[in-house]
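J.: File follows, upload.cif with mmCIF, C-alpha atoms:
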data_protein
#
loop_
_atom_site.label_atom_id
_atom_site.label_comp_id
_atom_site.auth_asym_id
_atom_site.auth_seq_id
_atom_site.Cartn_x
_atom_site.Cartn_y
_atom_site.Cartn_z
CA MET M 1 -68.69 11.15 32.15
CA LEU M 2 -65.42 13.08 32.34
CA PRO M 3 -65.06 15.95 34.81
CA GLU M 4 -65.88 19.39 33.48
CA ASN M 5 -62.85 21.35 32.23
CA PHE M 6 -60.71 18.20 32.13
CA ASP M 7 -58.41 18.61 29.10
CA LYS M 8 -58.03 14.98 28.07
CA TYR M 9 -56.14 15.77 24.87
CA SER M 10 -53.48 17.74 26.71
CA TYR M 11 -52.89 14.84 29.09
CA TYR M 12 -52.83 12.40 26.17
CA ILE M 13 -50.25 14.46 24.26
CA ASN M 14 -48.06 14.80 27.33
CA SER M 15 -48.19 11.14 28.35
CA VAL M 16 -48.60 9.14 25.13
CA GLN M 17 -47.11 11.16 22.29
CA SER M 18 -43.56 12.27 21.51
CA PRO M 19 -43.97 14.27 18.29
CA GLU M 20 -40.41 15.63 18.18
CA THR M 21 -39.06 12.08 18.49
CA ASP M 22 -41.53 10.80 15.89
CA VAL M 23 -40.53 13.25 13.17
CA ARG M 24 -36.82 12.66 13.78
CA PHE M 25 -37.44 8.93 13.49
CA PHE M 26 -39.42 9.35 10.25
CA LYS M 27 -36.63 11.41 8.73
CA LYS M 28 -34.06 8.82 9.76
CA VAL M 29 -36.06 5.88 8.38
CA TYR M 30 -36.72 7.53 5.03
CA ARG M 31 -33.09 8.61 4.65
CA GLU M 32 -31.91 5.13 5.65
CA LEU M 33 -34.20 3.34 3.21
CA ARG M 34 -34.43 5.82 0.33
CA HIS M 35 -31.09 7.67 0.67
CA LYS M 36 -32.72 11.09 0.35
CA GLU M 37 -34.96 13.43 2.32
CA ALA M 38 -38.72 13.13 2.78
CA LEU M 39 -40.63 16.42 2.58
CA MET M 40 -44.32 15.46 2.50
CA LEU M 41 -45.82 13.61 5.48
CA ARG M 42 -49.35 12.27 5.68
CA GLU M 43 -50.57 11.21 9.11
CA ASP M 44 -53.62 8.93 8.99
CA PHE M 45 -55.90 8.82 12.05
CA CYS M 46 -54.18 12.09 12.93
CA GLY M 47 -56.40 13.18 15.86
CA THR M 48 -55.01 16.49 17.12
CA TYR M 49 -52.33 16.19 14.38
CA ILE M 50 -49.56 17.17 16.76
CA VAL M 51 -47.10 15.11 14.68
CA CYS M 52 -48.03 17.03 11.53
CA GLN M 53 -47.48 20.26 13.42
CA GLU M 54 -44.02 19.15 14.47
CA TRP M 55 -43.19 18.08 10.92
CA VAL M 56 -43.83 21.52 9.38
CA LYS M 57 -41.49 23.05 11.98
CA LEU M 58 -38.57 21.19 10.38
CA GLY M 59 -38.14 23.75 7.61
CA ASN M 60 -39.74 25.78 4.85
CA LEU M 61 -39.92 22.82 2.44
CA TYR M 62 -41.71 20.46 4.83
CA LYS M 63 -45.44 19.93 4.29
CA ALA M 64 -47.93 17.77 6.20
CA ILE M 65 -51.39 16.35 5.64
CA GLY M 66 -53.54 15.01 8.47
CA VAL M 67 -56.53 12.72 7.90
CA ASP M 68 -59.20 11.97 10.50
CA LEU M 69 -62.98 11.68 10.75
CA ASP M 70 -63.42 13.03 14.29
CA GLU M 71 -64.10 16.76 14.43
CA GLU M 72 -63.39 17.11 18.17
CA PRO M 73 -59.64 16.33 18.15
CA ILE M 74 -59.25 18.12 14.81
CA GLU M 75 -60.69 21.29 16.34
CA TYR M 76 -58.43 20.90 19.37
CA GLY M 77 -55.44 20.59 17.05
CA ARG M 78 -56.56 23.66 15.15
CA ARG M 79 -56.44 25.70 18.35
CA LEU M 80 -52.99 24.33 19.16
CA ALA M 81 -51.74 25.20 15.69
CA GLU M 82 -53.07 28.75 15.97
CA LYS M 83 -51.14 29.14 19.21
CA ASN M 84 -47.93 27.25 18.46
CA LEU M 85 -47.27 27.61 14.73
CA LYS M 86 -46.21 30.58 12.62
CA PRO M 87 -48.55 31.55 9.75
CA SER M 88 -45.99 30.23 7.26
CA GLN M 89 -45.97 26.86 9.05
CA ARG M 90 -49.77 26.66 9.18
CA ALA M 91 -49.84 27.33 5.44
CA ARG M 92 -47.91 24.09 4.89
CA LEU M 93 -50.37 22.09 6.98
CA ASN M 94 -53.52 20.62 5.44
CA ILE M 95 -56.04 18.76 7.63
CA LEU M 96 -58.70 16.68 5.90
CA LYS M 97 -61.84 15.45 7.63
CA LYS M 98 -61.98 12.30 5.52
CA ASN M 99 -61.92 8.54 5.78
CA VAL M 100 -58.44 6.97 5.49
CA LEU M 101 -60.02 4.60 2.93
CA ASN M 102 -60.76 7.54 0.59
CA PRO M 103 -58.97 6.78 -2.71
CA SER M 104 -58.44 10.47 -3.52
CA LEU M 105 -56.19 11.28 -0.55
CA PRO M 106 -53.11 13.37 -1.45
CA LYS M 107 -49.87 11.56 -2.22
CA SER M 108 -47.00 11.68 0.26
CA ASP M 109 -43.38 10.67 0.73
CA ILE M 110 -44.27 9.14 4.10
CA THR M 111 -47.66 7.95 5.29
CA ALA M 112 -47.78 7.17 9.02
CA ALA M 113 -50.36 5.31 11.10
CA LEU M 114 -49.41 5.80 14.75
CA ASN M 115 -50.57 4.76 18.20
CA PHE M 116 -51.88 1.47 16.78
CA SER M 117 -54.86 3.35 15.34
CA TYR M 118 -55.37 0.92 12.43
CA PHE M 119 -56.07 -1.85 14.99
CA LEU M 120 -59.69 -0.67 14.75
CA PHE M 121 -59.87 -2.66 11.50
CA LYS M 122 -60.75 -6.04 12.95
CA GLU M 123 -61.35 -7.92 9.70
CA ARG M 124 -58.44 -8.88 7.47
CA GLY M 125 -60.29 -7.67 4.39
CA MET M 126 -60.78 -4.19 5.83
CA LEU M 127 -57.16 -3.90 6.94
CA LYS M 128 -56.06 -5.04 3.48
CA LYS M 129 -58.32 -2.40 1.92
CA TYR M 130 -56.67 0.28 4.06
CA PHE M 131 -53.13 -0.91 3.27
CA ARG M 132 -53.99 -1.03 -0.44
CA ASN M 133 -55.20 2.57 -0.29
CA VAL M 134 -52.01 3.64 1.46
CA TYR M 135 -50.00 1.94 -1.28
CA LYS M 136 -51.94 3.66 -4.07
CA THR M 137 -51.71 7.10 -2.42
CA LEU M 138 -47.97 7.00 -1.73
CA LYS M 139 -45.49 8.56 -4.13
CA ASN M 140 -43.49 6.06 -6.18
CA ASP M 141 -40.60 6.21 -3.69
CA GLY M 142 -42.87 6.46 -0.67
CA VAL M 143 -42.60 4.68 2.68
CA PHE M 144 -45.45 3.58 4.93
CA ILE M 145 -44.57 3.65 8.64
CA LEU M 146 -46.81 2.02 11.23
CA ASP M 147 -46.32 0.98 14.83
CA CYS M 148 -47.48 -2.21 16.55
CA PHE M 149 -47.17 -3.87 19.92
CA GLY M 150 -47.36 -7.28 21.54
CA GLY M 151 -45.91 -9.59 24.16
CA SER M 152 -47.29 -12.01 26.72
CA ASN M 153 -48.81 -9.16 28.76
CA CYS M 154 -51.26 -8.60 25.91
CA TYR M 155 -53.01 -11.90 26.53
CA GLU M 156 -54.46 -11.11 29.95
CA PRO M 157 -56.12 -8.19 31.72
CA ASN M 158 -53.59 -5.85 33.32
CA GLU M 159 -53.08 -2.19 34.18
CA GLU M 160 -49.81 -0.27 34.08
CA GLU M 161 -49.20 3.10 35.74
CA THR M 162 -46.68 5.65 34.46
CA VAL M 163 -45.93 8.58 36.74
CA HIS M 164 -45.49 12.03 35.19
CA LYS M 165 -45.02 15.42 36.78
CA GLY M 166 -48.26 16.19 38.60
CA PHE M 167 -50.23 13.21 37.30
CA SER M 168 -50.22 9.49 36.52
CA TYR M 169 -51.17 7.80 33.26
CA PHE M 170 -52.74 4.33 33.30
CA TRP M 171 -52.79 1.92 30.34
CA ASP M 172 -55.50 -0.61 31.11
CA GLN M 173 -56.08 -3.80 29.13
CA ASP M 174 -59.53 -4.75 30.31
CA SER M 175 -60.07 -7.93 28.29
CA TYR M 176 -58.67 -10.24 25.63
CA ASP M 177 -60.41 -12.87 23.46
CA PRO M 178 -58.00 -15.55 22.15
CA ILE M 179 -60.48 -16.71 19.51
CA THR M 180 -60.77 -13.32 17.78
CA ASN M 181 -57.62 -11.58 19.07
CA GLU M 182 -59.89 -8.71 20.09
CA ALA M 183 -59.02 -6.69 23.18
CA GLN M 184 -60.52 -3.76 25.06
CA PHE M 185 -58.20 -1.01 26.30
CA TYR M 186 -58.72 2.15 28.36
CA ILE M 187 -56.60 5.12 29.33
CA HIS M 188 -57.13 6.58 32.81
CA PHE M 189 -55.51 9.59 34.46
CA LYS M 190 -54.90 10.48 38.09
CA ILE M 191 -54.08 14.13 38.78
CA LYS M 192 -52.15 14.61 42.00
CA GLY M 193 -54.53 15.24 44.89
CA LYS M 194 -57.63 14.40 42.85
CA LYS M 195 -59.80 11.39 42.15
CA LYS M 196 -58.74 9.02 39.36
CA ILE M 197 -60.38 9.86 36.04
CA GLU M 198 -61.55 6.58 34.54
CA LYS M 199 -61.84 5.75 30.83
CA ALA M 200 -60.70 9.07 29.41
CA PHE M 201 -60.04 7.12 26.20
CA SER M 202 -61.40 3.76 25.06
CA TYR M 203 -60.08 1.40 22.36
CA ASP M 204 -61.85 -1.66 20.99
CA TRP M 205 -59.14 -3.31 18.86
CA ARG M 206 -57.93 -6.47 17.22
CA LEU M 207 -54.30 -7.24 18.00
CA TRP M 208 -52.41 -7.77 14.74
CA SER M 209 -49.08 -9.62 14.75
CA ILE M 210 -46.01 -8.61 12.77
CA PRO M 211 -46.19 -11.68 10.45
CA GLU M 212 -49.85 -10.91 9.67
CA LEU M 213 -49.06 -7.27 8.93
CA LYS M 214 -46.11 -8.14 6.70
CA GLU M 215 -48.18 -10.67 4.76
CA ILE M 216 -50.98 -8.19 4.06
CA LEU M 217 -48.56 -5.39 3.16
CA THR M 218 -46.85 -7.72 0.69
CA GLU M 219 -50.18 -8.78 -0.81
CA VAL M 220 -51.14 -5.18 -1.65
CA GLY M 221 -47.83 -4.53 -3.41
CA PHE M 222 -45.21 -3.32 -0.92
CA LYS M 223 -41.85 -4.64 -2.08
CA ASP M 224 -39.72 -4.48 1.05
CA ILE M 225 -40.81 -4.37 4.69
CA GLN M 226 -38.34 -3.63 7.46
CA VAL M 227 -38.99 -4.16 11.17
CA TYR M 228 -37.56 -1.58 13.58
CA TRP M 229 -37.25 -3.14 17.04
CA GLU M 230 -36.75 -1.20 20.25
CA GLY M 231 -33.51 -1.65 22.20
CA THR M 232 -33.42 -2.23 25.96
CA THR M 233 -31.73 -0.64 28.93
CA LYS M 234 -29.65 -2.58 31.46
CA SER M 235 -32.80 -2.99 33.56
CA GLY M 236 -34.62 -4.56 30.62
CA GLU M 237 -36.89 -1.59 29.84
CA GLY M 238 -37.35 -0.16 26.36
CA ASP M 239 -34.80 2.56 25.60
CA GLY M 240 -36.73 4.40 22.87
CA HIS M 241 -34.18 3.61 20.16
CA PHE M 242 -35.31 1.51 17.20
CA LYS M 243 -33.15 -0.28 14.63
CA ILE M 244 -33.72 -2.78 11.82
CA VAL M 245 -33.71 -6.40 12.94
CA ASP M 246 -34.39 -9.83 11.45
CA LYS M 247 -35.36 -11.39 14.79
CA GLY M 248 -37.19 -9.95 17.78
CA GLU M 249 -37.07 -10.82 21.47
CA ASP M 250 -39.53 -12.79 23.57
CA CYS M 251 -40.64 -9.92 25.82
CA GLU M 252 -43.60 -9.48 28.13
CA SER M 253 -44.28 -6.23 26.31
CA TRP M 254 -42.74 -4.81 23.13
CA ILE M 255 -43.27 -2.01 20.62
CA ALA M 256 -42.00 -2.07 17.04
CA TYR M 257 -42.34 -0.12 13.81
CA LEU M 258 -42.81 -1.49 10.32
CA ALA M 259 -41.49 0.50 7.36
CA ALA M 260 -42.95 -0.67 4.05
CA LEU M 261 -41.43 0.52 0.76
CA LYS M 262 -43.53 1.02 -2.34
#
Give the structure from this file in structure tokens form.

T.:
Amino acid sequence: MLPENFDKYSYYINSVQSPETDVRFFKKVYRELRHKEALMLREDFCGTYIVCQEWVKLGNLYKAIGVDLDEEPIEYGRRLAEKNLKPSQRARLNILKKNVLNPSLPKSDITAALNFSYFLFKERGMLKKYFRNVYKTLKNDGVFILDCFGGSNCYEPNEEETVHKGFSYFWDQDSYDPITNEAQFYIHFKIKGKKKIEKAFSYDWRLWSIPELKEILTEVGFKDIQVYWEGTTKSGEGDGHFKIVDKGEDCESWIAYLAALK
């Protein structure tokens, strides 16, 4: 049970998400791969749809669609949008309480699945069904962008703390099953001067590898799949800059994006 009045979505947004960086990256990827501008974004598993909100701030021609089944984060995002967006921006934002497998979802220039949300599909057939639906609901020159992670740290229980102003964020891998590739993750928070808040978020996932993802994306019809790998600082940490690569690095922990072209 979380403490009363604990705003878990605010802490999540401020520690996990970087919506301004995300939309700049999406624009760059689409321009790099399609040589023109993307105007319509669809964010699957959108939660509080903070990325959609940032997208419509880019200009009067930019529109966004968010898709999620969970009313709680959608309502939280609605309150944020009322506070942070102009009426003209909210008018270009459409949030759908629907399943990402729904075949009638609106078409988009870019469909994004972020924060490894599609890892909830543990069976190959279900993941393939989702990817096929993304393919069918993209515009003819659309791009599907999804993130993934891996590295040797993913194969054993571990907990990593990241310190922010006034609080700490903990990414906790509680378990890993090498037979199924299933893993249990939690997010904890520790506000300065207060007791650690355990299991604010819980994720029961299957870890999908880049080769598996590329194979399934190809099977459903995507013609070209590029891997954007994160660069490193002098100290060996990720630098937040992603570029197309043919080969990755053997890291303890890595994050990458796949961009699949219809």

J.: Interatomic distance between CA of Asn140 in chain M and CA of Gln226 in chain M?

T.: 17.5 Å

J.: Could you list, as a PyMOL selection string, every residue matched by the PyMOL selection byres ((chain M and resi 109) around 6) in this structure?

T.: chain M and resi 38+40+108+110+139+142

J.: Kindly export the residues of the current selection with C-alpha atoms, as an mmCIF file, in the frame of the given file.

T.:
data_model
loop_
_atom_site.group_PDB
_atom_site.id
_atom_site.type_symbol
_atom_site.label_atom_id
_atom_site.label_comp_id
_atom_site.auth_asym_id
_atom_site.auth_seq_id
_atom_site.Cartn_x
_atom_site.Cartn_y
_atom_site.Cartn_z
ATOM 1 C CA ALA M 38 -38.720 13.130 2.780
ATOM 2 C CA MET M 40 -44.320 15.460 2.500
ATOM 3 C CA SER M 108 -47.000 11.680 0.260
ATOM 4 C CA ILE M 110 -44.270 9.140 4.100
ATOM 5 C CA LYS M 139 -45.490 8.560 -4.130
ATOM 6 C CA GLY M 142 -42.870 6.460 -0.670
#

J.: Mind listing as a PyMOL selection string all residues within 10 Å of (-43.5, 2.3, 13.1), counting only C-alpha atoms?

T.: chain M and resi 22+25-26+29+112-116+144-149+226-229+242+255-260

J.: I would like the residues chosen by the PyMOL selection byres ((chain M and resi 95-98) around 6) on the shown file; could you give them as a ChimeraX atom specification?

T.: /M:65-69,94,99

J.: Could you give me, as a list in words, the residues within 12 Å of Lys196 in chain M, counting all atoms listed in the file and dropping anything in the same chain fewer than 2 positions from it?

T.: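 Residues meeting the cut-off are Leu2, Pro3, Phe6, Glu161, Phe167, Ser168, Tyr169, Phe170, Ile187, His188, Phe189, Lys190, Ile191, Lys192, Gly193, Lys194, Glu198, Lys199 and Ala200 of chain M.
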
J.: Can you find the residues with an atom no farther than 12 Å from (-59.6, -12.5, 18.5), counting all atoms listed in the file, and report them as JSON, numbers by chain?

T.: {"M": [119, 122, 123, 124, 154, 155, 175, 176, 177, 178, 179, 180, 181, 182, 183, 184, 204, 205, 206, 207, 208, 209]}

J.: May I ask which of the residues M:Glu37, M:Tyr76, M:Arg92, M:Lys214 is the closest one to Trp55 in chain M, counting all atoms listed in the file?

T.: M:Arg92

J.: Restricting the calculation to all atoms listed in the file, which member of M:Pro19, M:Gly240, M:Gly166, M:Pro106 is positioned closest to Leu58 in chain M?

T.: M:Pro19

J.: To one decimal place, how far is CA of Leu127 in chain M from CA of Gly151 in chain M in Å?

T.: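 These two atoms are separated by 21.3 Å.
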
J.: Looking at only C-alpha atoms, which of M:Leu120, M:Leu213, M:Ile225, M:Leu261 is the one that sits closest to Val245 in chain M?

T.: M:Ile225

J.: To one decimal place in Å, what is the distance between CA of Ala91 in chain M and CA of Val23 in chain M?

T.: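 CA of Val23 in chain M lies 18.6 Å from CA of Ala91 in chain M.
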
J.: Could you list, as a PyMOL selection string, every residue within 7 Å of Tyr49 in chain M, counting only C-alpha atoms and ignoring same-chain residues fewer than 3 positions away?

T.: chain M and resi 46+52-53+66+77

J.: Which residue out of M:Leu80, M:Leu105, M:Val51, M:Leu61 has the minimum interatomic distance to Leu39 in chain M when all atoms listed in the file are used?

T.: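 Result for the nearest residue to Leu39 in chain M: M:Leu61.
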
J.: Taking into account all atoms listed in the file, which residue in the set M:Trp171, M:Phe222, M:Tyr135, M:Tyr62 is nearest to Tyr186 in chain M?

T.: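 Among M:Trp171, M:Phe222, M:Tyr135, M:Tyr62, it is M:Trp171 that comes nearest to Tyr186 in chain M.
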
J.: Please, can range 187-219 of chain M be completed to N, CA and C atoms and returned as a short mmCIF file (atom, residue, chain, number, x, y, z; two decimals), in the frame of the given file?

T.:
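Output contents, as saved in result-v1.cif:
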data_model
loop_
_atom_site.label_atom_id
_atom_site.label_comp_id
_atom_site.auth_asym_id
_atom_site.auth_seq_id
_atom_site.Cartn_x
_atom_site.Cartn_y
_atom_site.Cartn_z
N ILE M 187 -57.59 4.24 28.73
CA ILE M 187 -56.60 5.12 29.33
C ILE M 187 -57.28 5.88 30.47
N HIS M 188 -56.67 5.82 31.65
CA HIS M 188 -57.13 6.58 32.81
C HIS M 188 -56.05 7.58 33.20
N PHE M 189 -56.46 8.62 33.93
CA PHE M 189 -55.51 9.59 34.46
C PHE M 189 -55.80 9.85 35.93
N LYS M 190 -54.77 10.12 36.67
CA LYS M 190 -54.90 10.48 38.09
C LYS M 190 -54.07 11.74 38.33
N ILE M 191 -54.76 12.88 38.48
CA ILE M 191 -54.08 14.13 38.78
C ILE M 191 -53.78 14.16 40.28
N LYS M 192 -52.59 14.60 40.60
CA LYS M 192 -52.15 14.61 42.00
C LYS M 192 -53.17 15.34 42.88
N GLY M 193 -53.60 14.65 43.94
CA GLY M 193 -54.53 15.24 44.89
C GLY M 193 -55.98 15.16 44.48
N LYS M 194 -56.26 14.49 43.32
CA LYS M 194 -57.63 14.40 42.85
C LYS M 194 -58.01 12.95 42.57
N LYS M 195 -59.28 12.73 42.40
CA LYS M 195 -59.80 11.39 42.15
C LYS M 195 -59.37 10.91 40.76
N LYS M 196 -59.12 9.62 40.64
CA LYS M 196 -58.74 9.02 39.36
C LYS M 196 -59.84 9.22 38.32
N ILE M 197 -59.44 9.64 37.13
CA ILE M 197 -60.38 9.86 36.04
C ILE M 197 -60.38 8.62 35.15
N GLU M 198 -61.47 7.87 35.21
CA GLU M 198 -61.55 6.58 34.54
C GLU M 198 -61.99 6.74 33.08
N LYS M 199 -61.41 5.91 32.22
CA LYS M 199 -61.84 5.75 30.83
C LYS M 199 -61.88 7.06 30.07
N ALA M 200 -60.80 7.85 30.20
CA ALA M 200 -60.70 9.07 29.41
C ALA M 200 -60.67 8.75 27.91
N PHE M 201 -60.06 7.61 27.58
CA PHE M 201 -60.04 7.12 26.20
C PHE M 201 -60.34 5.62 26.21
N SER M 202 -61.01 5.16 25.16
CA SER M 202 -61.40 3.76 25.06
C SER M 202 -61.04 3.23 23.68
N TYR M 203 -60.50 2.00 23.63
CA TYR M 203 -60.08 1.40 22.36
C TYR M 203 -60.56 -0.04 22.27
N ASP M 204 -61.34 -0.32 21.26
CA ASP M 204 -61.85 -1.66 20.99
C ASP M 204 -61.11 -2.15 19.74
N TRP M 205 -60.08 -2.98 19.92
CA TRP M 205 -59.14 -3.31 18.86
C TRP M 205 -59.03 -4.81 18.62
N ARG M 206 -58.47 -5.13 17.47
CA ARG M 206 -57.93 -6.47 17.22
C ARG M 206 -56.40 -6.34 17.26
N LEU M 207 -55.75 -7.25 17.94
CA LEU M 207 -54.30 -7.24 18.00
C LEU M 207 -53.74 -7.96 16.78
N TRP M 208 -53.01 -7.21 15.94
CA TRP M 208 -52.41 -7.77 14.74
C TRP M 208 -50.94 -8.07 14.99
N SER M 209 -50.48 -9.23 14.55
CA SER M 209 -49.08 -9.62 14.75
C SER M 209 -48.22 -9.11 13.59
N ILE M 210 -46.93 -9.06 13.82
CA ILE M 210 -46.01 -8.61 12.77
C ILE M 210 -46.07 -9.51 11.53
N PRO M 211 -46.08 -10.85 11.66
CA PRO M 211 -46.19 -11.68 10.45
C PRO M 211 -47.48 -11.41 9.66
N GLU M 212 -48.60 -11.21 10.36
CA GLU M 212 -49.85 -10.91 9.67
C GLU M 212 -49.74 -9.60 8.90
N LEU M 213 -49.19 -8.58 9.57
CA LEU M 213 -49.06 -7.27 8.93
C LEU M 213 -48.16 -7.34 7.70
N LYS M 214 -47.05 -8.04 7.83
CA LYS M 214 -46.11 -8.14 6.70
C LYS M 214 -46.75 -8.89 5.53
N GLU M 215 -47.52 -9.92 5.82
CA GLU M 215 -48.18 -10.67 4.76
C GLU M 215 -49.16 -9.79 3.99
N ILE M 216 -49.97 -9.03 4.72
CA ILE M 216 -50.98 -8.19 4.06
C ILE M 216 -50.31 -7.06 3.29
N LEU M 217 -49.28 -6.45 3.86
CA LEU M 217 -48.56 -5.39 3.16
C LEU M 217 -47.96 -5.91 1.86
N THR M 218 -47.42 -7.12 1.89
CA THR M 218 -46.85 -7.72 0.69
C THR M 218 -47.94 -7.99 -0.35
N GLU M 219 -49.08 -8.46 0.10
CA GLU M 219 -50.18 -8.78 -0.81
C GLU M 219 -50.68 -7.56 -1.58
#
